[in-house]
Amino acid sequence: MGSRADLARMYALLDGHFGALHWWPAEEPFEVAVGAILTQNTAWTNVEKAIAALKAKGLLAPEALFRIDTQQLAGVIRPAGYFNVKAERLQSFVRFLREGYGGDMERMAAEPLPVLRDKLLGVRGIGPETADSILLYACGKPTFVCDAYTRRILLRHGMIGDHADYRLIQEMFMRDLAPDVALFNQFHALIVNTGKAFCRTAPNCAPCPLRELGAVRGRRPGQRRDSR
Ligand code: SF4
């Protein structure tokens, strides 16, 4: 298991390399929540197209998303992939927002973190990563977002074991770091950038700022495998 010093070193290396990333790329909290649902199992470039289409049709608002026919909505968000499922998930979320908080993201964000997290996890189609993205980036709550890149990077550097699940990984960050929204925001953004730029299925360690952490599992830092 990684130590507090490992995470601090990791943050320093990544922050020094990438600088401030100013996440999440959205204009307002509701757009963050919509993006968090649309980004499930797809690249962000596809999400951007779907959000642009929603904006162009005046649909990026809770009431508009609630009123539109599900099939029509699926057609609009088609670029995001899994559009039928995601249309249902978006409407489940806006139903939750409407029924619990009158469609008001600020009212929703006024809930205490553990209460709101439990409620979000009860919404159909919202899992831990989506819930935590909404909580951190749309509501400004200090919860750490863990994604597939987080797991892969920690695993490759021997900071977690093979069977570490979302909860265990999140506990590690939240136990070892101060509950600071700005820090959690930037740290997750740095990890995603690292995953996209270097720590892909075939890791490209030579130019990666985390090569200094050493001990890349199964291979030496600096050695590049062929892509598969
Ligand atoms: S050094 Fe290699 S294994 Fe470590 S994060 Fe970078 S690309 Fe991934």
# chains A, B, ... in the order shown; residues from 1 in each chain; ligands from 1

call {"tool": "closest_atom_pairs", "arguments": {"of": "chain A", "to": "ligand 1", "cutoff": "9 Å", "atoms": "only C-alpha atoms and all ligand atoms", "output": "JSON lines"}}
result
{"residue": "A:Tyr149", "atom": "CA", "partner": "ligand 1", "partner_atom_place_in_ligand_line": "5 (S)", "distance": 8.9}
{"residue": "A:Arg152", "atom": "CA", "partner": "ligand 1", "partner_atom_place_in_ligand_line": "8 (Fe)", "distance": 7.6}
{"residue": "A:Ile153", "atom": "CA", "partner": "ligand 1", "partner_atom_place_in_ligand_line": "5 (S)", "distance": 4.9}
{"residue": "A:Leu154", "atom": "CA", "partner": "ligand 1", "partner_atom_place_in_ligand_line": "5 (S)", "distance": 7.9}
{"residue": "A:Leu155", "atom": "CA", "partner": "ligand 1", "partner_atom_place_in_ligand_line": "3 (S)", "distance": 8.5}
{"residue": "A:Arg156", "atom": "CA", "partner": "ligand 1", "partner_atom_place_in_ligand_line": "3 (S)", "distance": 5.2}
{"residue": "A:His157", "atom": "CA", "partner": "ligand 1", "partner_atom_place_in_ligand_line": "4 (Fe)", "distance": 6.2}
{"residue": "A:Ile191", "atom": "CA", "partner": "ligand 1", "partner_atom_place_in_ligand_line": "5 (S)", "distance": 8.6}
{"residue": "A:Thr194", "atom": "CA", "partner": "ligand 1", "partner_atom_place_in_ligand_line": "5 (S)", "distance": 6.6}
{"residue": "A:Gly195", "atom": "CA", "partner": "ligand 1", "partner_atom_place_in_ligand_line": "8 (Fe)", "distance": 7.0}
{"residue": "A:Ala197", "atom": "CA", "partner": "ligand 1", "partner_atom_place_in_ligand_line": "7 (S)", "distance": 8.2}
{"residue": "A:Phe198", "atom": "CA", "partner": "ligand 1", "partner_atom_place_in_ligand_line": "7 (S)", "distance": 4.5}
{"residue": "A:Cys199", "atom": "CA", "partner": "ligand 1", "partner_atom_place_in_ligand_line": "8 (Fe)", "distance": 3.8}
{"residue": "A:Arg200", "atom": "CA", "partner": "ligand 1", "partner_atom_place_in_ligand_line": "7 (S)", "distance": 7.0}
{"residue": "A:Ala202", "atom": "CA", "partner": "ligand 1", "partner_atom_place_in_ligand_line": "7 (S)", "distance": 8.1}
{"residue": "A:Pro203", "atom": "CA", "partner": "ligand 1", "partner_atom_place_in_ligand_line": "7 (S)", "distance": 4.3}
{"residue": "A:Asn204", "atom": "CA", "partner": "ligand 1", "partner_atom_place_in_ligand_line": "7 (S)", "distance": 4.6}
{"residue": "A:Cys205", "atom": "CA", "partner": "ligand 1", "partner_atom_place_in_ligand_line": "2 (Fe)", "distance": 3.6}
{"residue": "A:Ala206", "atom": "CA", "partner": "ligand 1", "partner_atom_place_in_ligand_line": "1 (S)", "distance": 7.1}
{"residue": "A:Pro207", "atom": "CA", "partner": "ligand 1", "partner_atom_place_in_ligand_line": "6 (Fe)", "distance": 7.8}
{"residue": "A:Cys208", "atom": "CA", "partner": "ligand 1", "partner_atom_place_in_ligand_line": "6 (Fe)", "distance": 4.6}
{"residue": "A:Pro209", "atom": "CA", "partner": "ligand 1", "partner_atom_place_in_ligand_line": "6 (Fe)", "distance": 6.4}
{"residue": "A:Leu210", "atom": "CA", "partner": "ligand 1", "partner_atom_place_in_ligand_line": "1 (S)", "distance": 4.5}
{"residue": "A:Arg211", "atom": "CA", "partner": "ligand 1", "partner_atom_place_in_ligand_line": "1 (S)", "distance": 3.7}
{"residue": "A:Glu212", "atom": "CA", "partner": "ligand 1", "partner_atom_place_in_ligand_line": "1 (S)", "distance": 7.2}
{"residue": "A:Leu213", "atom": "CA", "partner": "ligand 1", "partner_atom_place_in_ligand_line": "1 (S)", "distance": 7.3}
{"residue": "A:Gly214", "atom": "CA", "partner": "ligand 1", "partner_atom_place_in_ligand_line": "1 (S)", "distance": 7.3}
{"residue": "A:Ala215", "atom": "CA", "partner": "ligand 1", "partner_atom_place_in_ligand_line": "4 (Fe)", "distance": 8.4}
{"residue": "A:Val216", "atom": "CA", "partner": "ligand 1", "partner_atom_place_in_ligand_line": "3 (S)", "distance": 5.3}
{"residue": "A:Arg217", "atom": "CA", "partner": "ligand 1", "partner_atom_place_in_ligand_line": "3 (S)", "distance": 7.5}
{"residue": "A:Arg219", "atom": "CA", "partner": "ligand 1", "partner_atom_place_in_ligand_line": "3 (S)", "distance": 8.7}
{"residue": "A:Arg220", "atom": "CA", "partner": "ligand 1", "partner_atom_place_in_ligand_line": "2 (Fe)", "distance": 8.5}
{"residue": "A:Pro221", "atom": "CA", "partner": "ligand 1", "partner_atom_place_in_ligand_line": "1 (S)", "distance": 5.8}
{"residue": "A:Gly222", "atom": "CA", "partner": "ligand 1", "partner_atom_place_in_ligand_line": "2 (Fe)", "distance": 7.4}
{"residue": "A:Gln223", "atom": "CA", "partner": "ligand 1", "partner_atom_place_in_ligand_line": "2 (Fe)", "distance": 8.5}
{"residue": "A:Arg224", "atom": "CA", "partner": "ligand 1", "partner_atom_place_in_ligand_line": "2 (Fe)", "distance": 8.6}

call {"tool": "write_last_selection", "arguments": {"atoms": "C-alpha atoms", "output": "PDB file, in the first residue's frame"}}
result
ATOM      1  CA  TYR A 149      -6.167   5.634 -14.625  1.00  0.00           C
ATOM      2  CA  ARG A 152      -3.594   1.543 -13.201  1.00  0.00           C
ATOM      3  CA  ILE A 153      -0.926   4.032 -12.096  1.00  0.00           C
ATOM      4  CA  LEU A 154      -1.025   2.981  -8.431  1.00  0.00           C
ATOM      5  CA  LEU A 155      -0.933  -0.683  -9.405  1.00  0.00           C
ATOM      6  CA  ARG A 156       2.006  -0.240 -11.756  1.00  0.00           C
ATOM      7  CA  HIS A 157       3.973   1.492  -9.025  1.00  0.00           C
ATOM      8  CA  ILE A 191      -3.852  11.655 -12.820  1.00  0.00           C
ATOM      9  CA  THR A 194      -0.970  11.288 -16.948  1.00  0.00           C
ATOM     10  CA  GLY A 195      -3.106   8.332 -17.947  1.00  0.00           C
ATOM     11  CA  ALA A 197      -0.518  11.122 -22.108  1.00  0.00           C
ATOM     12  CA  PHE A 198       1.699   8.317 -20.760  1.00  0.00           C
ATOM     13  CA  CYS A 199       0.102   5.520 -18.752  1.00  0.00           C
ATOM     14  CA  ARG A 200      -1.930   3.901 -21.487  1.00  0.00           C
ATOM     15  CA  ALA A 202       1.226   0.226 -23.222  1.00  0.00           C
ATOM     16  CA  PRO A 203       2.933   2.628 -20.790  1.00  0.00           C
ATOM     17  CA  ASN A 204       5.329   5.209 -22.140  1.00  0.00           C
ATOM     18  CA  CYS A 205       7.521   5.665 -19.061  1.00  0.00           C
ATOM     19  CA  ALA A 206      10.560   7.441 -20.517  1.00  0.00           C
ATOM     20  CA  PRO A 207       8.960  10.914 -20.799  1.00  0.00           C
ATOM     21  CA  CYS A 208       6.503  10.390 -17.886  1.00  0.00           C
ATOM     22  CA  PRO A 209       7.057  12.525 -14.769  1.00  0.00           C
ATOM     23  CA  LEU A 210       6.192   9.520 -12.561  1.00  0.00           C
ATOM     24  CA  ARG A 211       9.157   7.469 -13.773  1.00  0.00           C
ATOM     25  CA  GLU A 212      10.972   8.927 -10.739  1.00  0.00           C
ATOM     26  CA  LEU A 213       8.670   6.940  -8.457  1.00  0.00           C
ATOM     27  CA  GLY A 214      10.522   3.870  -9.744  1.00  0.00           C
ATOM     28  CA  ALA A 215       9.479   0.215  -9.509  1.00  0.00           C
ATOM     29  CA  VAL A 216       7.129  -0.013 -12.471  1.00  0.00           C
ATOM     30  CA  ARG A 217       5.559  -3.429 -12.144  1.00  0.00           C
ATOM     31  CA  ARG A 219       9.061  -3.745 -16.498  1.00  0.00           C
ATOM     32  CA  ARG A 220      11.708  -1.086 -16.091  1.00  0.00           C
ATOM     33  CA  PRO A 221      10.843   2.630 -16.229  1.00  0.00           C
ATOM     34  CA  GLY A 222      11.933   3.977 -19.582  1.00  0.00           C
ATOM     35  CA  GLN A 223      11.166   0.761 -21.415  1.00  0.00           C
ATOM     36  CA  ARG A 224       8.280   1.006 -23.873  1.00  0.00           C
TER      37      ARG A 224
END

call {"tool": "residues_around", "arguments": {"residues": "Leu135 in chain A", "least_positions_apart": "4", "cutoff": "12 Å", "atoms": "only C-alpha atoms", "output": "ChimeraX atom specification"}}
result
/A:24,29-30,32-33,36,105-106,108-121,126,128-131,139-145,181,184-185

call {"tool": "closest_residue", "arguments": {"among": "A:Lys49, A:Pro62, A:Pro179, A:Gln170", "to": "Tyr101 in chain A", "atoms": "only C-alpha atoms"}}
result
A:Pro62

call {"tool": "select_by_dssp", "arguments": {"residues": "range 73-119 of chain A", "states": "alpha helix (DSSP H)", "output": "ChimeraX atom specification"}}
result
/A:73-76,83-101,105-109,113-119

call {"tool": "write_last_selection", "arguments": {"atoms": "N, CA and C atoms", "output": "JSON list (two decimals), in the first residue's frame"}}
result
[["chain", "number", "residue", "atom", "x", "y", "z"],
["A", 73, "LEU", "N", -34.02, 12.54, -26.75],
["A", 73, "LEU", "CA", -32.79, 12.89, -26.03],
["A", 73, "LEU", "C", -31.63, 11.97, -26.45],
["A", 74, "ALA", "N", -31.95, 10.70, -26.59],
["A", 74, "ALA", "CA", -30.91, 9.75, -27.02],
["A", 74, "ALA", "C", -30.32, 10.16, -28.36],
["A", 75, "GLY", "N", -31.17, 10.65, -29.26],
["A", 75, "GLY", "CA", -30.70, 11.09, -30.57],
["A", 75, "GLY", "C", -29.76, 12.28, -30.46],
["A", 76, "VAL", "N", -30.07, 13.19, -29.54],
["A", 76, "VAL", "CA", -29.24, 14.39, -29.39],
["A", 76, "VAL", "C", -27.85, 14.04, -28.81],
["A", 83, "PHE", "N", -26.03, 5.83, -26.07],
["A", 83, "PHE", "CA", -26.93, 6.99, -25.92],
["A", 83, "PHE", "C", -28.29, 6.66, -25.34],
["A", 84, "ASN", "N", -28.79, 5.43, -25.58],
["A", 84, "ASN", "CA", -30.09, 5.09, -24.99],
["A", 84, "ASN", "C", -29.98, 4.98, -23.47],
["A", 85, "VAL", "N", -28.94, 4.29, -23.03],
["A", 85, "VAL", "CA", -28.71, 4.12, -21.59],
["A", 85, "VAL", "C", -28.43, 5.48, -20.94],
["A", 86, "LYS", "N", -27.62, 6.28, -21.60],
["A", 86, "LYS", "CA", -27.24, 7.56, -21.00],
["A", 86, "LYS", "C", -28.41, 8.54, -20.97],
["A", 87, "ALA", "N", -29.30, 8.46, -21.95],
["A", 87, "ALA", "CA", -30.49, 9.32, -21.93],
["A", 87, "ALA", "C", -31.33, 8.97, -20.70],
["A", 88, "GLU", "N", -31.48, 7.67, -20.43],
["A", 88, "GLU", "CA", -32.24, 7.26, -19.24],
["A", 88, "GLU", "C", -31.54, 7.71, -17.97],
["A", 89, "ARG", "N", -30.23, 7.60, -17.95],
["A", 89, "ARG", "CA", -29.48, 8.00, -16.75],
["A", 89, "ARG", "C", -29.58, 9.50, -16.50],
["A", 90, "LEU", "N", -29.49, 10.28, -17.58],
["A", 90, "LEU", "CA", -29.62, 11.74, -17.42],
["A", 90, "LEU", "C", -30.99, 12.08, -16.85],
["A", 91, "GLN", "N", -32.01, 11.40, -17.37],
["A", 91, "GLN", "CA", -33.35, 11.71, -16.89],
["A", 91, "GLN", "C", -33.59, 11.20, -15.46],
["A", 92, "SER", "N", -32.92, 10.12, -15.09],
["A", 92, "SER", "CA", -33.01, 9.67, -13.69],
["A", 92, "SER", "C", -32.40, 10.72, -12.77],
["A", 93, "PHE", "N", -31.26, 11.28, -13.22],
["A", 93, "PHE", "CA", -30.61, 12.29, -12.39],
["A", 93, "PHE", "C", -31.47, 13.55, -12.28],
["A", 94, "VAL", "N", -32.04, 14.02, -13.40],
["A", 94, "VAL", "CA", -32.82, 15.26, -13.30],
["A", 94, "VAL", "C", -34.11, 15.04, -12.52],
["A", 95, "ARG", "N", -34.63, 13.83, -12.57],
["A", 95, "ARG", "CA", -35.81, 13.52, -11.75],
["A", 95, "ARG", "C", -35.44, 13.63, -10.26],
["A", 96, "PHE", "N", -34.29, 13.06, -9.92],
["A", 96, "PHE", "CA", -33.78, 13.13, -8.55],
["A", 96, "PHE", "C", -33.57, 14.59, -8.13],
["A", 97, "LEU", "N", -32.97, 15.38, -9.01],
["A", 97, "LEU", "CA", -32.67, 16.79, -8.72],
["A", 97, "LEU", "C", -33.95, 17.59, -8.55],
["A", 98, "ARG", "N", -34.92, 17.28, -9.37],
["A", 98, "ARG", "CA", -36.18, 17.99, -9.37],
["A", 98, "ARG", "C", -37.00, 17.64, -8.12],
["A", 99, "GLU", "N", -37.09, 16.34, -7.86],
["A", 99, "GLU", "CA", -37.93, 15.88, -6.75],
["A", 99, "GLU", "C", -37.31, 16.24, -5.39],
["A", 100, "GLY", "N", -35.97, 16.16, -5.31],
["A", 100, "GLY", "CA", -35.33, 16.42, -4.02],
["A", 100, "GLY", "C", -35.00, 17.87, -3.76],
["A", 101, "TYR", "N", -34.74, 18.61, -4.84],
["A", 101, "TYR", "CA", -34.18, 19.96, -4.65],
["A", 101, "TYR", "C", -34.79, 20.99, -5.61],
["A", 105, "MET", "N", -29.25, 22.96, -8.34],
["A", 105, "MET", "CA", -27.97, 22.33, -7.98],
["A", 105, "MET", "C", -27.42, 22.90, -6.65],
["A", 106, "GLU", "N", -27.66, 24.19, -6.41],
["A", 106, "GLU", "CA", -27.15, 24.79, -5.16],
["A", 106, "GLU", "C", -27.84, 24.18, -3.95],
["A", 107, "ARG", "N", -29.13, 23.96, -4.06],
["A", 107, "ARG", "CA", -29.86, 23.33, -2.95],
["A", 107, "ARG", "C", -29.35, 21.91, -2.74],
["A", 108, "MET", "N", -29.08, 21.21, -3.83],
["A", 108, "MET", "CA", -28.56, 19.84, -3.72],
["A", 108, "MET", "C", -27.19, 19.88, -3.02],
["A", 109, "ALA", "N", -26.35, 20.85, -3.41],
["A", 109, "ALA", "CA", -24.99, 20.93, -2.87],
["A", 109, "ALA", "C", -24.98, 21.32, -1.39],
["A", 113, "LEU", "N", -21.97, 16.04, 2.77],
["A", 113, "LEU", "CA", -21.31, 15.12, 1.82],
["A", 113, "LEU", "C", -21.78, 13.66, 1.94],
["A", 114, "PRO", "N", -21.72, 13.04, 3.14],
["A", 114, "PRO", "CA", -22.09, 11.60, 3.18],
["A", 114, "PRO", "C", -23.54, 11.35, 2.81],
["A", 115, "VAL", "N", -24.41, 12.28, 3.17],
["A", 115, "VAL", "CA", -25.85, 12.13, 2.87],
["A", 115, "VAL", "C", -26.06, 12.21, 1.37],
["A", 116, "LEU", "N", -25.48, 13.25, 0.76],
["A", 116, "LEU", "CA", -25.67, 13.43, -0.68],
["A", 116, "LEU", "C", -25.02, 12.30, -1.47],
["A", 117, "ARG", "N", -23.86, 11.84, -1.01],
["A", 117, "ARG", "CA", -23.18, 10.73, -1.72],
["A", 117, "ARG", "C", -24.08, 9.49, -1.72],
["A", 118, "ASP", "N", -24.64, 9.17, -0.57],
["A", 118, "ASP", "CA", -25.53, 8.00, -0.49],
["A", 118, "ASP", "C", -26.74, 8.16, -1.41],
["A", 119, "LYS", "N", -27.29, 9.37, -1.42],
["A", 119, "LYS", "CA", -28.47, 9.61, -2.27],
["A", 119, "LYS", "C", -28.11, 9.48, -3.74]]

call {"tool": "closest_residue", "arguments": {"among": "A:Asp176, A:Asn41, A:Leu65, A:Tyr82", "to": "Ala148 in chain A", "atoms": "only C-alpha atoms"}}
result
A:Asn41
